[in-house]
>>> print(open('query-v5.cif').read())   # mmCIF, C-alpha atoms, pLDDT in the B column; chains and numbers go by the auth columns
data_my_file
#
loop_
_atom_site.group_PDB
_atom_site.id
_atom_site.type_symbol
_atom_site.label_atom_id
_atom_site.label_comp_id
_atom_site.label_asym_id
_atom_site.label_seq_id
_atom_site.Cartn_x
_atom_site.Cartn_y
_atom_site.Cartn_z
_atom_site.B_iso_or_equiv
_atom_site.auth_seq_id
_atom_site.auth_asym_id
ATOM 1 C CA MET A 1 45.362 31.697 56.616 51.00 1 S
ATOM 2 C CA ALA A 2 42.768 34.453 56.461 57.00 2 S
ATOM 3 C CA ALA A 3 43.266 37.223 59.028 69.00 3 S
ATOM 4 C CA LYS A 4 40.441 37.548 61.508 85.00 4 S
ATOM 5 C CA THR A 5 38.448 40.674 62.151 91.00 5 S
ATOM 6 C CA GLN A 6 38.631 41.778 65.763 95.00 6 S
ATOM 7 C CA ARG A 7 35.852 43.785 67.319 97.00 7 S
ATOM 8 C CA ILE A 8 35.305 45.624 70.559 97.00 8 S
ATOM 9 C CA GLU A 9 31.974 47.101 71.584 98.00 9 S
ATOM 10 C CA VAL A 10 31.580 49.665 74.363 98.00 10 S
ATOM 11 C CA THR A 11 28.339 51.066 75.703 98.00 11 S
ATOM 12 C CA LEU A 12 28.929 54.575 76.986 98.00 12 S
ATOM 13 C CA GLU A 13 26.769 56.638 79.270 98.00 13 S
ATOM 14 C CA THR A 14 25.637 60.011 77.965 98.00 14 S
ATOM 15 C CA LEU A 15 28.126 61.821 80.155 97.00 15 S
ATOM 16 C CA LEU A 16 30.947 64.254 79.509 95.00 16 S
ATOM 17 C CA GLU A 17 33.387 61.693 80.924 96.00 17 S
ATOM 18 C CA SER A 18 32.472 59.291 78.129 98.00 18 S
ATOM 19 C CA VAL A 19 34.166 61.607 75.635 97.00 19 S
ATOM 20 C CA ASP A 20 37.588 61.174 77.280 96.00 20 S
ATOM 21 C CA LEU A 21 36.980 57.462 77.841 98.00 21 S
ATOM 22 C CA ALA A 22 36.138 56.786 74.186 98.00 22 S
ATOM 23 C CA GLU A 23 39.146 58.794 73.042 98.00 23 S
ATOM 24 C CA SER A 24 41.421 56.879 75.378 98.00 24 S
ATOM 25 C CA ILE A 25 40.114 53.443 74.314 98.00 25 S
ATOM 26 C CA SER A 26 40.443 54.230 70.617 98.00 26 S
ATOM 27 C CA MET A 27 43.984 55.554 71.053 98.00 27 S
ATOM 28 C CA ARG A 28 45.101 52.466 72.954 98.00 28 S
ATOM 29 C CA ILE A 29 43.807 50.219 70.202 98.00 29 S
ATOM 30 C CA ALA A 30 45.348 52.401 67.514 98.00 30 S
ATOM 31 C CA GLU A 31 48.668 52.356 69.353 97.00 31 S
ATOM 32 C CA ALA A 32 48.559 48.567 69.619 96.00 32 S
ATOM 33 C CA VAL A 33 48.273 48.227 65.849 96.00 33 S
ATOM 34 C CA GLY A 34 51.225 50.533 65.230 97.00 34 S
ATOM 35 C CA PHE A 35 49.916 53.965 64.313 97.00 35 S
ATOM 36 C CA SER A 36 52.401 56.809 64.764 97.00 36 S
ATOM 37 C CA GLU A 37 51.931 59.398 67.498 96.00 37 S
ATOM 38 C CA GLU A 38 50.551 61.940 65.053 95.00 38 S
ATOM 39 C CA GLU A 39 48.018 59.463 63.667 97.00 39 S
ATOM 40 C CA LEU A 40 47.056 58.435 67.213 97.00 40 S
ATOM 41 C CA HIS A 41 46.257 62.058 67.920 96.00 41 S
ATOM 42 C CA LYS A 42 44.086 62.304 64.807 97.00 42 S
ATOM 43 C CA ILE A 43 42.216 59.068 65.534 98.00 43 S
ATOM 44 C CA GLY A 44 41.669 60.036 69.165 98.00 44 S
ATOM 45 C CA MET A 45 40.413 63.445 68.191 98.00 45 S
ATOM 46 C CA ALA A 46 38.064 62.095 65.506 98.00 46 S
ATOM 47 C CA VAL A 47 36.583 59.625 68.004 98.00 47 S
ATOM 48 C CA ARG A 48 36.330 62.394 70.585 98.00 48 S
ATOM 49 C CA GLU A 49 34.383 64.537 68.125 98.00 49 S
ATOM 50 C CA GLY A 50 32.138 61.572 67.273 98.00 50 S
ATOM 51 C CA VAL A 51 31.225 61.018 70.907 98.00 51 S
ATOM 52 C CA ILE A 52 30.770 64.758 71.526 98.00 52 S
ATOM 53 C CA ASN A 53 28.344 64.735 68.611 97.00 53 S
ATOM 54 C CA ALA A 54 26.424 61.807 70.130 98.00 54 S
ATOM 55 C CA TYR A 55 26.470 63.367 73.607 98.00 55 S
ATOM 56 C CA ASN A 56 25.430 66.880 72.600 96.00 56 S
ATOM 57 C CA TYR A 57 23.395 66.634 69.422 95.00 57 S
ATOM 58 C CA GLY A 58 22.258 63.008 69.170 97.00 58 S
ATOM 59 C CA ASN A 59 21.324 62.213 72.754 98.00 59 S
ATOM 60 C CA GLN A 60 20.913 65.890 73.735 97.00 60 S
ATOM 61 C CA GLN A 61 22.765 65.158 77.003 97.00 61 S
ATOM 62 C CA ASP A 62 19.888 62.887 78.062 98.00 62 S
ATOM 63 C CA ARG A 63 21.432 60.534 80.642 97.00 63 S
ATOM 64 C CA ARG A 64 18.786 57.872 79.983 98.00 64 S
ATOM 65 C CA LYS A 65 20.226 57.356 76.514 98.00 65 S
ATOM 66 C CA LYS A 66 23.349 55.414 75.600 98.00 66 S
ATOM 67 C CA ILE A 67 26.151 55.791 73.101 98.00 67 S
ATOM 68 C CA LEU A 68 27.401 52.631 71.453 98.00 68 S
ATOM 69 C CA MET A 69 30.975 52.674 70.179 98.00 69 S
ATOM 70 C CA THR A 70 32.369 49.754 68.217 98.00 70 S
ATOM 71 C CA ILE A 71 35.918 49.451 66.944 98.00 71 S
ATOM 72 C CA GLU A 72 36.745 46.835 64.347 98.00 72 S
ATOM 73 C CA LEU A 73 40.138 45.837 63.091 97.00 73 S
ATOM 74 C CA ASP A 74 39.967 44.047 59.782 96.00 74 S
ATOM 75 C CA PRO A 75 43.110 43.117 57.844 95.00 75 S
ATOM 76 C CA GLU A 76 43.274 46.580 56.268 96.00 76 S
ATOM 77 C CA ASN A 77 41.376 49.069 58.377 97.00 77 S
ATOM 78 C CA MET A 78 40.472 50.369 61.785 98.00 78 S
ATOM 79 C CA ILE A 79 36.743 51.069 61.664 98.00 79 S
ATOM 80 C CA VAL A 80 35.101 53.124 64.423 98.00 80 S
ATOM 81 C CA ARG A 81 31.341 53.413 64.692 98.00 81 S
ATOM 82 C CA VAL A 82 29.580 55.754 67.107 98.00 82 S
ATOM 83 C CA LEU A 83 25.836 55.248 67.440 98.00 83 S
ATOM 84 C CA ASP A 84 23.515 57.515 69.394 98.00 84 S
ATOM 85 C CA GLN A 85 19.836 57.283 70.290 97.00 85 S
ATOM 86 C CA GLY A 86 18.782 60.581 68.768 97.00 86 S
ATOM 87 C CA LYS A 87 16.797 61.407 65.654 95.00 87 S
ATOM 88 C CA GLY A 88 19.611 61.017 63.132 94.00 88 S
ATOM 89 C CA PHE A 89 20.582 63.556 60.480 93.00 89 S
ATOM 90 C CA GLU A 90 21.602 63.848 56.871 92.00 90 S
ATOM 91 C CA LEU A 91 25.212 64.802 56.245 91.00 91 S
ATOM 92 C CA HIS A 92 24.309 67.025 53.289 92.00 92 S
ATOM 93 C CA GLU A 93 22.087 69.152 55.555 92.00 93 S
ATOM 94 C CA ILE A 94 25.004 70.175 57.751 94.00 94 S
ATOM 95 C CA PRO A 95 26.457 73.617 56.881 96.00 95 S
ATOM 96 C CA ASN A 96 30.038 73.651 55.663 97.00 96 S
ATOM 97 C CA PRO A 97 32.096 75.316 58.435 97.00 97 S
ATOM 98 C CA LEU A 98 34.627 76.517 55.846 97.00 98 S
ATOM 99 C CA ASP A 99 32.089 78.692 54.034 97.00 99 S
ATOM 100 C CA GLU A 100 32.663 82.377 54.646 96.00 100 S
ATOM 101 C CA GLU A 101 29.261 82.856 56.269 97.00 101 S
ATOM 102 C CA ASN A 102 29.919 80.029 58.738 97.00 102 S
ATOM 103 C CA LEU A 103 33.438 80.926 59.865 97.00 103 S
ATOM 104 C CA LEU A 104 32.215 82.759 62.960 97.00 104 S
ATOM 105 C CA ARG A 105 29.820 80.033 64.055 97.00 105 S
ATOM 106 C CA THR A 106 30.746 78.709 67.480 96.00 106 S
ATOM 107 C CA SER A 107 29.740 75.127 66.661 95.00 107 S
ATOM 108 C CA GLY A 108 29.499 72.794 63.684 95.00 108 S
ATOM 109 C CA ARG A 109 33.158 71.834 63.160 97.00 109 S
ATOM 110 C CA GLY A 110 33.118 68.355 64.711 97.00 110 S
ATOM 111 C CA LEU A 111 31.965 66.464 61.621 97.00 111 S
ATOM 112 C CA PHE A 112 34.454 68.394 59.520 97.00 112 S
ATOM 113 C CA LEU A 113 37.317 67.401 61.845 98.00 113 S
ATOM 114 C CA MET A 114 36.279 63.720 61.787 98.00 114 S
ATOM 115 C CA ARG A 115 36.364 63.791 58.008 97.00 115 S
ATOM 116 C CA ALA A 116 39.696 65.620 57.990 97.00 116 S
ATOM 117 C CA PHE A 117 41.409 63.257 60.424 98.00 117 S
ATOM 118 C CA MET A 118 40.187 59.901 59.106 98.00 118 S
ATOM 119 C CA ASP A 119 40.528 58.299 55.665 98.00 119 S
ATOM 120 C CA GLN A 120 36.795 57.761 55.228 98.00 120 S
ATOM 121 C CA PHE A 121 33.819 59.194 57.034 98.00 121 S
ATOM 122 C CA ASP A 122 30.105 58.635 56.638 97.00 122 S
ATOM 123 C CA VAL A 123 26.848 58.980 58.547 97.00 123 S
ATOM 124 C CA HIS A 124 24.003 56.470 58.462 95.00 124 S
ATOM 125 C CA THR A 125 20.624 56.523 60.073 94.00 125 S
ATOM 126 C CA ALA A 126 20.333 53.421 62.221 91.00 126 S
ATOM 127 C CA PRO A 127 17.178 51.254 62.009 89.00 127 S
ATOM 128 C CA GLY A 128 16.185 52.541 65.462 85.00 128 S
ATOM 129 C CA GLY A 129 16.511 56.145 64.281 89.00 129 S
ATOM 130 C CA GLY A 130 19.835 57.289 65.782 95.00 130 S
ATOM 131 C CA ALA A 131 22.825 58.540 63.853 97.00 131 S
ATOM 132 C CA GLU A 132 25.697 56.149 63.255 98.00 132 S
ATOM 133 C CA LEU A 133 28.998 57.838 62.463 98.00 133 S
ATOM 134 C CA VAL A 134 31.427 55.583 60.633 98.00 134 S
ATOM 135 C CA MET A 135 35.118 56.501 60.591 98.00 135 S
ATOM 136 C CA ILE A 136 37.738 54.422 58.818 98.00 136 S
ATOM 137 C CA LYS A 137 41.503 54.644 59.027 98.00 137 S
ATOM 138 C CA LYS A 138 43.792 52.442 56.945 97.00 138 S
ATOM 139 C CA LEU A 139 46.088 50.368 59.101 97.00 139 S
ATOM 140 C CA PRO A 140 49.652 51.648 58.925 93.00 140 S
ATOM 141 C CA HIS A 141 51.293 48.546 57.456 71.00 141 S
ATOM 142 C CA LYS A 142 49.122 48.844 54.333 52.00 142 S
ATOM 143 C CA ASP A 143 50.297 52.323 53.487 50.00 143 S
ATOM 144 C CA SER A 144 53.763 53.491 54.420 51.00 144 S
ATOM 145 C CA GLY A 145 52.645 57.089 53.974 51.00 145 S
ATOM 146 C CA ASN A 146 50.111 56.760 56.765 53.00 146 S
ATOM 147 C CA GLY A 147 52.319 57.530 59.720 52.00 147 S
ATOM 148 C CA THR A 148 53.632 54.022 59.952 51.00 148 S
ATOM 149 C CA HIS A 149 56.221 52.776 62.356 49.00 149 S
ATOM 150 C CA GLN A 150 58.630 51.338 59.820 45.00 150 S
ATOM 151 C CA PRO A 151 59.816 47.793 60.564 41.00 151 S
ATOM 152 C CA GLU A 152 63.469 47.324 61.516 36.00 152 S
ATOM 153 C CA MET B 1 46.654 67.929 82.202 65.00 1 I
ATOM 154 C CA ALA B 2 44.127 70.184 83.928 79.00 2 I
ATOM 155 C CA ILE B 3 43.489 73.486 82.257 91.00 3 I
ATOM 156 C CA GLN B 4 44.894 76.602 83.906 95.00 4 I
ATOM 157 C CA ALA B 5 44.730 80.268 83.047 97.00 5 I
ATOM 158 C CA THR B 6 46.665 83.174 84.469 97.00 6 I
ATOM 159 C CA CYS B 7 46.266 86.809 83.574 97.00 7 I
ATOM 160 C CA ARG B 8 49.054 89.377 83.190 97.00 8 I
ATOM 161 C CA GLN B 9 48.667 93.068 82.518 97.00 9 I
ATOM 162 C CA ILE B 10 51.199 94.904 80.373 97.00 10 I
ATOM 163 C CA GLY B 11 50.158 98.530 79.992 96.00 11 I
ATOM 164 C CA ASP B 12 46.594 98.452 78.714 97.00 12 I
ATOM 165 C CA VAL B 13 46.917 94.927 77.287 98.00 13 I
ATOM 166 C CA SER B 14 45.682 91.871 79.188 98.00 14 I
ATOM 167 C CA ILE B 15 47.467 88.614 78.440 98.00 15 I
ATOM 168 C CA LEU B 16 45.753 85.336 79.282 98.00 16 I
ATOM 169 C CA ASP B 17 48.275 82.490 79.486 98.00 17 I
ATOM 170 C CA PHE B 18 46.601 79.110 79.110 97.00 18 I
ATOM 171 C CA SER B 19 48.071 75.708 79.795 97.00 19 I
ATOM 172 C CA GLY B 20 46.420 72.311 79.386 96.00 20 I
ATOM 173 C CA LYS B 21 43.645 71.170 77.095 96.00 21 I
ATOM 174 C CA ILE B 22 40.929 73.448 75.788 97.00 22 I
ATOM 175 C CA THR B 23 38.181 70.917 75.266 96.00 23 I
ATOM 176 C CA LEU B 24 34.481 70.405 75.922 95.00 24 I
ATOM 177 C CA GLY B 25 33.764 71.027 79.598 94.00 25 I
ATOM 178 C CA GLU B 26 36.277 72.619 81.932 94.00 26 I
ATOM 179 C CA GLY B 27 38.696 73.966 79.323 96.00 27 I
ATOM 180 C CA SER B 28 36.087 75.687 77.186 96.00 28 I
ATOM 181 C CA ALA B 29 34.287 77.015 80.261 97.00 29 I
ATOM 182 C CA LEU B 30 37.487 78.540 81.685 97.00 30 I
ATOM 183 C CA LEU B 31 38.285 80.254 78.392 98.00 31 I
ATOM 184 C CA ARG B 32 34.769 81.715 78.219 97.00 32 I
ATOM 185 C CA LYS B 33 34.855 82.880 81.847 98.00 33 I
ATOM 186 C CA SER B 34 38.342 84.419 81.589 98.00 34 I
ATOM 187 C CA VAL B 35 37.510 86.475 78.503 98.00 35 I
ATOM 188 C CA ARG B 36 34.105 87.475 79.872 97.00 36 I
ATOM 189 C CA GLU B 37 35.675 88.748 83.105 97.00 37 I
ATOM 190 C CA LEU B 38 38.173 90.894 81.219 98.00 38 I
ATOM 191 C CA ILE B 39 35.479 92.379 78.996 98.00 39 I
ATOM 192 C CA ASP B 40 33.177 93.006 81.971 97.00 40 I
ATOM 193 C CA GLY B 41 36.109 94.728 83.683 97.00 41 I
ATOM 194 C CA GLY B 42 36.443 97.109 80.760 97.00 42 I
ATOM 195 C CA GLN B 43 39.509 95.585 79.102 97.00 43 I
ATOM 196 C CA LYS B 44 39.588 96.111 75.344 96.00 44 I
ATOM 197 C CA LYS B 45 42.980 94.741 74.332 98.00 45 I
ATOM 198 C CA ILE B 46 43.369 91.040 74.972 98.00 46 I
ATOM 199 C CA ILE B 47 45.966 88.458 74.025 98.00 47 I
ATOM 200 C CA ILE B 48 45.278 84.753 74.459 98.00 48 I
ATOM 201 C CA SER B 49 48.584 82.910 74.746 98.00 49 I
ATOM 202 C CA LEU B 50 48.394 79.210 73.892 97.00 50 I
ATOM 203 C CA TYR B 51 52.053 78.312 74.357 95.00 51 I
ATOM 204 C CA ASP B 52 51.211 75.434 76.676 95.00 52 I
ATOM 205 C CA VAL B 53 48.061 74.248 74.895 96.00 53 I
ATOM 206 C CA ASP B 54 48.717 71.339 72.583 91.00 54 I
ATOM 207 C CA TYR B 55 45.178 70.049 72.413 95.00 55 I
ATOM 208 C CA ILE B 56 42.000 71.790 71.366 97.00 56 I
ATOM 209 C CA ASP B 57 38.772 70.193 70.156 97.00 57 I
ATOM 210 C CA SER B 58 35.807 71.602 68.245 97.00 58 I
ATOM 211 C CA SER B 59 34.326 72.935 71.475 97.00 59 I
ATOM 212 C CA GLY B 60 37.560 74.788 72.277 97.00 60 I
ATOM 213 C CA ILE B 61 37.706 76.165 68.747 98.00 61 I
ATOM 214 C CA GLY B 62 34.117 77.332 69.106 97.00 62 I
ATOM 215 C CA GLU B 63 35.049 79.056 72.348 97.00 63 I
ATOM 216 C CA LEU B 64 37.955 80.869 70.665 98.00 64 I
ATOM 217 C CA VAL B 65 35.536 82.088 67.990 98.00 65 I
ATOM 218 C CA SER B 66 33.124 83.142 70.717 98.00 66 I
ATOM 219 C CA ALA B 67 35.950 85.047 72.456 98.00 67 I
ATOM 220 C CA TYR B 68 36.741 86.801 69.186 98.00 68 I
ATOM 221 C CA THR B 69 33.134 87.962 68.701 98.00 69 I
ATOM 222 C CA THR B 70 32.712 88.879 72.385 97.00 70 I
ATOM 223 C CA VAL B 71 35.789 91.124 72.277 98.00 71 I
ATOM 224 C CA LYS B 72 34.881 92.576 68.900 97.00 72 I
ATOM 225 C CA ASN B 73 31.322 93.336 70.013 97.00 73 I
ATOM 226 C CA ALA B 74 32.798 95.258 72.942 97.00 74 I
ATOM 227 C CA SER B 75 34.833 97.322 70.425 97.00 75 I
ATOM 228 C CA GLY B 76 37.971 95.545 71.581 97.00 76 I
ATOM 229 C CA GLU B 77 40.751 93.639 69.875 98.00 77 I
ATOM 230 C CA LEU B 78 41.841 90.027 70.406 98.00 78 I
ATOM 231 C CA LYS B 79 45.079 88.394 69.344 98.00 79 I
ATOM 232 C CA LEU B 80 46.289 84.823 69.632 98.00 80 I
ATOM 233 C CA LEU B 81 49.888 84.229 70.623 98.00 81 I
ATOM 234 C CA HIS B 82 52.332 81.296 70.595 97.00 82 I
ATOM 235 C CA LEU B 83 50.265 78.608 68.900 97.00 83 I
ATOM 236 C CA THR B 84 51.561 75.066 69.227 96.00 84 I
ATOM 237 C CA LYS B 85 51.777 73.061 66.011 95.00 85 I
ATOM 238 C CA ARG B 86 48.571 71.172 66.690 95.00 86 I
ATOM 239 C CA VAL B 87 46.530 74.268 67.478 97.00 87 I
ATOM 240 C CA HIS B 88 48.116 76.010 64.482 96.00 88 I
ATOM 241 C CA ASP B 89 47.141 73.098 62.210 96.00 89 I
ATOM 242 C CA ILE B 90 43.560 73.028 63.487 96.00 90 I
ATOM 243 C CA LEU B 91 43.122 76.765 62.898 97.00 91 I
ATOM 244 C CA GLN B 92 44.600 76.317 59.451 97.00 92 I
ATOM 245 C CA ILE B 93 42.314 73.484 58.318 97.00 93 I
ATOM 246 C CA THR B 94 39.249 75.233 59.748 97.00 94 I
ATOM 247 C CA ARG B 95 40.216 78.450 57.907 97.00 95 I
ATOM 248 C CA LEU B 96 40.224 80.381 61.175 97.00 96 I
ATOM 249 C CA PHE B 97 43.655 81.755 60.401 94.00 97 I
ATOM 250 C CA THR B 98 41.777 84.145 58.146 94.00 98 I
ATOM 251 C CA VAL B 99 39.752 85.360 61.153 96.00 99 I
ATOM 252 C CA PHE B 100 42.255 85.631 63.995 97.00 100 I
ATOM 253 C CA ASP B 101 45.282 87.872 64.284 97.00 101 I
ATOM 254 C CA VAL B 102 47.894 85.246 65.153 97.00 102 I
ATOM 255 C CA GLN B 103 51.259 86.333 66.516 97.00 103 I
ATOM 256 C CA SER B 104 54.373 84.383 67.441 97.00 104 I
ATOM 257 C CA ASP B 105 56.233 87.096 69.380 97.00 105 I
ATOM 258 C CA GLU B 106 54.802 88.783 72.453 97.00 106 I
ATOM 259 C CA ASP B 107 56.501 92.152 71.900 97.00 107 I
ATOM 260 C CA VAL B 108 55.279 92.245 68.310 97.00 108 I
ATOM 261 C CA ALA B 109 51.780 91.304 69.484 98.00 109 I
ATOM 262 C CA LEU B 110 51.800 94.099 72.076 97.00 110 I
ATOM 263 C CA ARG B 111 52.915 96.659 69.491 96.00 111 I
ATOM 264 C CA ALA B 112 50.329 95.462 66.989 95.00 112 I
ATOM 265 C CA PHE B 113 47.401 96.852 68.973 95.00 113 I
ATOM 266 C CA ARG B 114 45.960 100.018 67.543 77.00 114 I
#
>>> encode(input="query-v5.cif", output="structure tokens")
Amino acid sequence: MAAKTQRIEVTLETLLESVDLAESISMRIAEAVGFSEEELHKIGMAVREGVINAYNYGNQQDRRKKILMTIELDPENMIVRVLDQGKGFELHEIPNPLDEENLLRTSGRGLFLMRAFMDQFDVHTAPGGGAELVMIKKLPHKDSGNGTHQPE
Amino acid sequence: MAIQATCRQIGDVSILDFSGKITLGEGSALLRKSVRELIDGGQKKIIISLYDVDYIDSSGIGELVSAYTTVKNASGELKLLHLTKRVHDILQITRLFTVFDVQSDEDVALRAFR
């Protein structure tokens, strides 16, 4: 029997509190599918950074705008999408925070951390113009090296 | 866990002990305010102890970088002390270990000031 894809969609206000809420929701789902504590931390932090990006840079802290977070569980992956209502951006235009000249910048590390903590990361421009961050983590049972809780 | 900061003075060195999360909002703001107050009060030798901080996000990292430049611009010196594994790992992957003077022993950190 083919495994179903499960999906949860959450509309978040453009508020600081939404950052913690999104992190908490994503970690609960990740915990339910068996990620280890260390991987939970990475997933939570990546989602946190995604929502901070939407809150600060996408929606510019404009409370009239929303942040849409969807989490999908397909048979192999946990896929998190964070969509804002800003102008969108191109990933290649973002300075690399690891370059010597950027090390002392006080911002610009969020996208880097999302990429570092997830297995795949990409940015799309949504049809309505906002940025959609897509973060994918392989489910633990598909890769024993991915912080899996080993079965008894 | 709510963020807290306490300040100790050992000789001419100010030690800021943080506990909790240094994240966007309260945590980052407290870090900025604490360092700013020390600099405005004429302190030049500052240690930020992160023994009880096991969570820092990009905003908190940015605030640490800001603290570094604030202290340096005031001709002072900043050291980080007692990093937890998670904070250590974040500073490592962001290459900020090459920027900060990171110490694991308070006495050594105190003696390391010029």
>>> resolve_selection(input="query-v5.cif", expression="the PyMOL selection byres ((chain I) within 8 of (chain S))", output="list in words")
Leu24, Gly25, Asp57, Ser58, Ser59, Ile61, Gly62, Glu63, Val65, Ser66, Thr69, Thr94, Arg95, Leu96 and Val99 of chain I
>>> atom_distance(input="query-v5.cif", atom1="CA of Gly129 (chain S)", atom2="CA of Gly88 (chain S)")
5.9 Å
>>> atom_distance(input="query-v5.cif", atom1="CA of Ala126 (chain S)", atom2="CA of Gln60 (chain S)")
17.0 Å
>>> atom_distance(input="query-v5.cif", atom1="CA of Pro95 (chain S)", atom2="CA of Val51 (chain S)")
19.4 Å
>>> residues_around(input="query-v5.cif", residues="Lys87 (chain S)", least_positions_apart="3", cutoff="12 Å", atoms="all atoms listed in the file", output="PyMOL selection string")
chain S and resi 54+57-60+83-84+90+124-132
>>> residues_around(input="query-v5.cif", residues="Lys21 (chain I)", least_positions_apart="2", cutoff="7 Å", atoms="only C-alpha atoms", output="PyMOL selection string")
chain I and resi 1-3+19+23+27+53-56
>>> residues_around(input="query-v5.cif", residues="Cys7 (chain I)", least_positions_apart="3", cutoff="7 Å", atoms="only C-alpha atoms", output="VMD selection string")
chain I and resid 14 to 17
>>> residues_near_point(input="query-v5.cif", point="(43.4, 55.2, 54.2)", cutoff="6 Å", atoms="only C-alpha atoms", output="PyMOL selection string")
chain S and resi 119+137-138
>>> closest_residue(input="query-v5.cif", among="I:Ile39, I:Ile10, I:Phe100, I:Ile22", to="Asp52 (chain I)", atoms="all atoms listed in the file")
I:Ile22
>>> resolve_selection(input="query-v5.cif", expression="the PyMOL selection byres ((chain I and resi 36-38) around 10)", output="ChimeraX atom specification")
/I:7,14-16,30-35,39-46,67,70-71
>>> closest_residue(input="query-v5.cif", among="S:Lys4, S:Arg63, S:Arg115, S:His141", to="Val47 (chain S)", atoms="all atoms listed in the file")
S:Arg115
>>> resolve_selection(input="query-v5.cif", expression="the PyMOL selection byres ((chain S and resi 25) around 12)", output="list of chain:residue names")
S:Ile8, S:Glu9, S:Val10, S:Leu12, S:Ser18, S:Val19, S:Asp20, S:Leu21, S:Ala22, S:Glu23, S:Ser24, S:Ser26, S:Met27, S:Arg28, S:Ile29, S:Ala30, S:Glu31, S:Ala32, S:Leu40, S:Ile43, S:Gly44, S:Met45, S:Val47, S:Arg48, S:Met69, S:Thr70, S:Ile71, S:Val80
>>> closest_residue(input="query-v5.cif", among="I:Gln9, I:Thr84, I:Ser104, I:Asn73", to="Tyr51 (chain I)", atoms="all atoms listed in the file")
I:Thr84
